[in-house]
$ cat model_12.csv   # CSV, C-alpha atoms
chain,number,residue,atom,x,y,z
A,20,MET,CA,0.0,0.0,0.0
A,21,THR,CA,1.4,3.4,-1.0
A,22,SER,CA,1.4,6.6,1.2
A,23,SER,CA,1.3,10.1,-0.1
A,24,ASN,CA,4.6,10.8,1.6
A,25,ASP,CA,6.3,7.8,0.0
A,26,ILE,CA,9.4,8.6,-2.2
A,27,VAL,CA,9.1,7.1,-5.6
A,28,THR,CA,12.0,6.5,-8.1
A,29,LEU,CA,11.0,6.5,-11.8
A,30,ASP,CA,12.7,5.4,-14.9
A,31,VAL,CA,11.2,7.4,-17.7
A,32,GLY,CA,12.8,6.4,-21.0
A,33,GLY,CA,16.1,5.8,-19.4
A,34,HIS,CA,16.1,8.9,-17.2
A,35,THR,CA,15.8,8.6,-13.4
A,36,TYR,CA,13.6,10.9,-11.4
A,37,ARG,CA,12.9,10.9,-7.6
A,38,THR,CA,9.7,12.4,-6.3
A,39,THR,CA,6.8,11.6,-4.0
A,40,VAL,CA,3.5,9.9,-4.5
A,41,SER,CA,1.7,13.1,-3.5
A,42,THR,CA,3.4,14.9,-6.4
A,43,LEU,CA,2.5,12.2,-8.9
A,44,THR,CA,-1.1,12.1,-7.7
A,45,ARG,CA,-1.7,15.9,-7.6
A,46,TYR,CA,-4.3,15.5,-10.3
A,47,PRO,CA,-6.1,12.2,-9.5
A,48,ASP,CA,-7.8,12.1,-12.9
A,49,SER,CA,-4.5,12.0,-14.7
A,50,MET,CA,-2.8,8.8,-15.9
A,51,LEU,CA,-0.1,9.2,-13.2
A,52,GLY,CA,-2.8,9.8,-10.6
A,53,ALA,CA,-4.5,6.5,-11.6
A,54,MET,CA,-1.1,4.7,-11.6
A,55,PHE,CA,0.0,5.8,-8.2
A,56,GLY,CA,-3.2,6.7,-6.4
A,57,GLY,CA,-4.4,3.2,-5.6
A,58,ASP,CA,-3.5,0.6,-2.9
A,59,SER,CA,-0.8,-0.7,-5.3
A,60,VAL,CA,1.1,0.9,-8.1
A,61,ALA,CA,0.0,-0.1,-11.5
A,62,ALA,CA,3.4,0.1,-13.2
A,63,PHE,CA,6.2,-2.2,-14.2
A,64,ARG,CA,9.6,-2.0,-12.5
A,65,ASP,CA,13.0,-2.1,-14.2
A,66,ASP,CA,15.9,-4.3,-13.1
A,67,GLN,CA,16.8,-1.8,-10.4
A,68,GLY,CA,13.3,-1.6,-8.9
A,69,ARG,CA,12.4,1.8,-10.4
A,70,TYR,CA,8.9,2.3,-11.8
A,71,PHE,CA,9.3,2.2,-15.6
A,72,ILE,CA,7.4,4.5,-18.0
A,73,ASP,CA,8.3,4.1,-21.7
A,74,ARG,CA,8.0,7.8,-22.6
A,75,ASP,CA,10.4,10.7,-23.5
A,76,GLY,CA,12.7,11.0,-20.4
A,77,THR,CA,14.1,14.4,-21.2
A,78,ILE,CA,10.8,16.2,-21.6
A,79,PHE,CA,9.4,14.6,-18.5
A,80,ARG,CA,11.2,17.1,-16.3
A,81,HIS,CA,8.8,19.8,-17.5
A,82,VAL,CA,5.8,17.5,-16.7
A,83,LEU,CA,7.2,16.8,-13.2
A,84,ASN,CA,7.9,20.4,-12.5
A,85,PHE,CA,4.3,21.3,-13.4
A,86,LEU,CA,3.1,18.5,-11.0
A,87,ARG,CA,5.3,20.0,-8.2
A,88,THR,CA,4.2,23.6,-8.6
A,89,SER,CA,1.1,23.7,-10.8
A,90,GLN,CA,2.9,26.3,-12.9
A,91,LEU,CA,4.2,26.2,-16.4
A,92,ALA,CA,7.8,27.5,-16.3
A,93,LEU,CA,9.6,26.9,-19.6
A,94,PRO,CA,13.1,28.3,-20.6
A,95,GLU,CA,13.1,31.2,-23.0
A,96,ASP,CA,14.8,29.1,-25.7
A,97,PHE,CA,12.4,26.1,-25.3
A,98,THR,CA,11.9,24.5,-28.7
A,99,GLU,CA,10.0,21.3,-28.0
A,100,LEU,CA,6.5,22.6,-27.4
A,101,PRO,CA,4.9,20.1,-29.8
A,102,LEU,CA,6.5,17.2,-28.0
A,103,LEU,CA,5.5,18.5,-24.6
A,104,GLU,CA,1.9,18.9,-25.8
A,105,ILE,CA,2.0,15.2,-26.9
A,106,GLU,CA,3.3,14.1,-23.5
A,107,ALA,CA,0.8,16.2,-21.5
A,108,ASP,CA,-2.0,14.6,-23.6
A,109,PHE,CA,-0.5,11.1,-22.9
A,110,TYR,CA,-0.4,11.7,-19.2
A,111,GLN,CA,-3.9,13.3,-19.3
A,112,ILE,CA,-2.9,16.2,-17.1
A,113,GLN,CA,-5.7,18.6,-18.0
A,114,PRO,CA,-4.4,21.7,-16.2
A,115,LEU,CA,-1.0,21.2,-18.0
A,116,ILE,CA,-2.8,20.8,-21.4
A,117,GLU,CA,-4.7,24.0,-20.7
A,118,ALA,CA,-1.5,25.9,-19.6
A,119,LEU,CA,0.2,24.8,-22.8
A,120,ALA,CA,-2.7,26.0,-24.9
A,121,SER,CA,-2.5,29.4,-23.2
A,122,TYR,CA,1.2,29.5,-23.6
A,123,LYS,CA,1.0,28.6,-27.3
A,124,ALA,CA,-1.7,31.3,-27.9
A,125,ARG,CA,0.4,33.9,-26.3
A,126,LEU,CA,3.3,32.9,-28.4
A,127,GLU,CA,1.4,33.1,-31.6
A,128,THR,CA,-0.5,36.3,-30.9
A,129,ASN,CA,1.7,38.5,-28.8
A,130,PRO,CA,4.1,40.4,-31.0
A,131,CYS,CA,5.2,42.4,-27.9
A,132,GLU,CA,7.2,39.4,-26.7
A,133,PHE,CA,8.1,37.2,-29.7
A,134,GLU,CA,9.1,37.5,-33.4
A,135,VAL,CA,8.1,34.6,-35.5
A,136,VAL,CA,9.2,33.2,-38.8
A,137,PHE,CA,7.3,30.6,-40.8
A,138,LEU,CA,9.1,28.6,-43.5
A,139,HIS,CA,7.2,26.3,-45.9
A,140,LEU,CA,9.2,24.2,-48.3
A,141,ASP,CA,7.2,22.5,-51.1
A,142,THR,CA,9.0,20.0,-53.3
A,143,GLY,CA,5.9,19.3,-55.4
A,144,ASN,CA,7.1,21.1,-58.5
A,145,ARG,CA,10.2,20.6,-60.7
A,146,PHE,CA,12.1,22.8,-58.3
A,147,ALA,CA,11.5,23.0,-54.6
A,148,ARG,CA,9.7,26.2,-53.6
A,149,LEU,CA,10.3,28.0,-50.3
A,150,SER,CA,7.6,30.3,-48.9
A,151,VAL,CA,8.4,32.7,-46.1
A,152,SER,CA,6.0,34.6,-43.8
A,153,SER,CA,6.6,36.4,-40.5
A,154,SER,CA,5.1,38.2,-37.6
A,155,SER,CA,6.0,41.6,-39.0
A,156,SER,CA,7.3,43.3,-42.1
A,157,GLU,CA,10.6,44.1,-40.4
A,158,VAL,CA,11.2,40.5,-39.7
A,159,GLY,CA,10.2,39.5,-43.3
A,160,ASP,CA,12.6,42.0,-44.7
A,161,LYS,CA,15.4,40.6,-42.6
A,162,VAL,CA,14.6,37.0,-43.8
A,163,ASN,CA,14.5,38.1,-47.4
A,164,GLY,CA,17.8,39.8,-46.9
A,165,PHE,CA,19.3,36.6,-45.6
A,166,LEU,CA,17.9,34.7,-48.6
A,167,GLN,CA,19.3,37.2,-51.0
A,168,GLY,CA,22.7,37.0,-49.4
A,169,ILE,CA,22.7,33.2,-49.6
A,170,LYS,CA,21.7,33.4,-53.3
A,171,GLU,CA,24.6,35.8,-54.0
A,172,GLU,CA,27.1,33.6,-52.2
A,173,ASN,CA,25.9,30.5,-54.1
A,174,PRO,CA,24.9,31.7,-57.5
A,175,ARG,CA,24.9,28.2,-59.0
A,176,SER,CA,22.4,26.9,-56.3
A,177,ILE,CA,19.0,26.9,-57.9
A,178,SER,CA,17.2,24.9,-55.3
A,179,ASP,CA,15.4,26.4,-52.4
A,180,ALA,CA,15.8,23.1,-50.6
A,181,GLY,CA,19.5,23.7,-50.7
A,182,ARG,CA,19.2,27.2,-49.3
A,183,LEU,CA,16.9,26.2,-46.4
A,184,PRO,CA,19.7,24.9,-44.1
A,185,ALA,CA,21.8,28.0,-44.6
A,186,LEU,CA,18.7,30.2,-43.9
A,187,ILE,CA,17.9,28.4,-40.7
A,188,ALA,CA,21.6,28.7,-39.6
A,189,ARG,CA,21.5,32.5,-40.2
A,190,LEU,CA,18.3,32.8,-38.3
A,191,HIS,CA,19.8,30.8,-35.5
A,192,ASP,CA,22.8,33.1,-35.4
A,193,ASP,CA,20.4,36.1,-35.3
A,194,GLY,CA,18.8,34.7,-32.1
A,195,PHE,CA,15.9,32.6,-33.5
A,196,THR,CA,15.2,29.1,-32.2
A,197,VAL,CA,13.2,26.3,-33.8
A,198,LEU,CA,9.7,26.1,-32.1
A,199,SER,CA,8.4,23.3,-34.4
A,200,HIS,CA,9.4,21.3,-37.4
A,201,VAL,CA,7.1,19.1,-39.4
A,202,ASN,CA,8.4,17.0,-42.2
A,203,GLY,CA,5.3,16.0,-44.2
A,204,ALA,CA,4.7,13.2,-46.6
A,205,LEU,CA,3.4,13.1,-50.2
A,206,HIS,CA,0.1,15.0,-50.6
A,207,LYS,CA,-2.5,15.2,-53.3
A,208,ASP,CA,-3.5,18.3,-55.2
A,209,LYS,CA,-7.1,19.3,-56.1
A,210,GLU,CA,-7.0,17.0,-59.1
A,211,GLY,CA,-5.9,14.1,-56.8
A,212,GLN,CA,-2.4,13.9,-58.2
A,213,LEU,CA,0.5,13.1,-55.9
A,214,LYS,CA,2.7,16.0,-55.1
A,215,GLY,CA,6.0,16.3,-53.2
A,216,ILE,CA,6.9,16.5,-49.6
A,217,GLN,CA,5.9,19.6,-47.6
A,218,GLU,CA,8.2,20.7,-44.9
A,219,LYS,CA,7.2,23.4,-42.3
A,220,TRP,CA,9.4,25.2,-39.8
A,221,VAL,CA,8.4,27.8,-37.1
A,222,LEU,CA,11.2,29.8,-35.6
A,223,VAL,CA,10.9,32.4,-32.8
A,224,ARG,CA,13.0,35.0,-31.1
A,225,LYS,CA,12.1,36.7,-27.8
A,226,VAL,CA,12.0,40.5,-28.0
A,227,SER,CA,12.5,42.9,-25.2
A,228,ARG,CA,9.5,45.3,-24.7
A,229,ASN,CA,12.0,48.1,-25.0
A,230,SER,CA,13.5,46.8,-28.3
A,231,PRO,CA,12.8,49.0,-31.3
A,232,HIS,CA,11.7,45.9,-33.1
A,233,SER,CA,8.9,45.3,-30.7
A,234,LYS,CA,5.4,46.7,-31.5
A,235,CYS,CA,5.1,47.4,-27.8
A,236,ALA,CA,8.2,49.6,-27.7
A,237,ILE,CA,7.8,53.1,-26.3
A,238,GLY,CA,8.6,55.8,-28.8
A,239,LYS,CA,9.6,55.5,-32.4
A,240,SER,CA,12.8,54.0,-33.8

$ encode --input "model_12.csv" --output "structure tokens"
Amino acid sequence: MTSSNDIVTLDVGGHTYRTTVSTLTRYPDSMLGAMFGGDSVAAFRDDQGRYFIDRDGTIFRHVLNFLRTSQLALPEDFTELPLLEIEADFYQIQPLIEALASYKARLETNPCEFEVVFLHLDTGNRFARLSVSSSSSEVGDKVNGFLQGIKEENPRSISDAGRLPALIARLHDDGFTVLSHVNGALHKDKEGQLKGIQEKWVLVRKVSRNSPHSKCAIGKS
């Protein structure tokens, strides 16, 4: 029989965590609440006696921190939001799911804190085609400037697919980090014909409220 004060050692995807039953059962309706909230723990043990959960061990630290504090505290350069959303849904921690939805909404709609670049590579035509959109015209001009520089440095490169890694590298050097990356599969057009792979990237950069690039900045640049 488990007690709420019992210390529990977990093996999550090869990563070891030590916590208490009361932390794991903070939300009784969650999967962890069901696993550790009964008279006996409904989980397998590894060869060292740790409770084994076959999930992403690195991302679990954010899940566990939320269980400890009921607050979502992610680093500014956090780039694994889609994976954390998947894990929150797997563990069925509804408050964490809602906190992530709010976090994502703020990220997508608040130009006062983040600059966003969207890259869409479509290989469906004879040559790959890269489309770029952004959270502001200033950011768009910067990205187009990067692309123009890459084209001038590599005049023989005619493929946008070949320019994409260099563009991402320049954005990274400029302070952007990858928020999400989706490498799609073959898709059909309106006529039902198979087209090429669509690849989508979202990169973000945190902006100070006093930065001249922020729409919330005081005064004019």

$ closest_residue --input "model_12.csv" --among "A:Thr88, A:Ser154, A:Trp220, A:Tyr110" --to "A:Asp48" --atoms "only C-alpha atoms"
A:Tyr110

$ closest_residue --input "model_12.csv" --among "A:Ala124, A:Arg80, A:Ile105, A:Val40" --to "A:Leu93" --atoms "all atoms listed in the file"
A:Arg80

$ residues_around --input "model_12.csv" --residues "A:Val60" --least-positions-apart "5" --cutoff "12 Å" --atoms "all atoms listed in the file" --output "list of chain:residue names"
A:Met20, A:Thr21, A:Ser22, A:Asp25, A:Val27, A:Leu29, A:Val40, A:Leu43, A:Thr44, A:Met50, A:Leu51, A:Gly52, A:Ala53, A:Met54, A:Phe55, A:Arg69, A:Tyr70, A:Phe71

$ closest_residue --input "model_12.csv" --among "A:Ile72, A:Val158, A:Leu140, A:Ile112" --to "A:Asp30" --atoms "all atoms listed in the file"
A:Ile72

$ closest_residue --input "model_12.csv" --among "A:Val82, A:Leu198, A:Leu190, A:Val151" --to "A:Tyr36" --atoms "only C-alpha atoms"
A:Val82

$ residues_near_point --input "model_12.csv" --point "(-8.3, 16.2, -18.9)" --cutoff "12 Å" --atoms "all atoms listed in the file" --output "list in words"
Tyr46, Pro47, Asp48, Ser49, Met50, Gly52, Ala107, Asp108, Phe109, Tyr110, Gln111, Ile112, Gln113, Pro114, Leu115, Ile116, Glu117 and Ala118 of chain A

$ atom_distance --input "model_12.csv" --atom1 "atom CA of A:Asp66" --atom2 "atom CA of A:Gly33"
11.9 Å

$ residues_around --input "model_12.csv" --residues "A:Ile26" --least-positions-apart "2" --cutoff "8 Å" --atoms "all atoms listed in the file" --output "number ranges by chain"
A: 24, 28, 37-40

$ write_last_selection --input "model_12.csv" --atoms "C-alpha atoms" --output "PDB file, in the frame of the given file"
ATOM      1  CA  ASN A  24       4.600  10.800   1.600  1.00  0.00           C
ATOM      2  CA  THR A  28      12.000   6.500  -8.100  1.00  0.00           C
ATOM      3  CA  ARG A  37      12.900  10.900  -7.600  1.00  0.00           C
ATOM      4  CA  THR A  38       9.700  12.400  -6.300  1.00  0.00           C
ATOM      5  CA  THR A  39       6.800  11.600  -4.000  1.00  0.00           C
ATOM      6  CA  VAL A  40       3.500   9.900  -4.500  1.00  0.00           C
TER       7      VAL A  40
END

$ atom_distance --input "model_12.csv" --atom1 "atom CA of A:Thr196" --atom2 "atom CA of A:Leu166"
17.5 Å
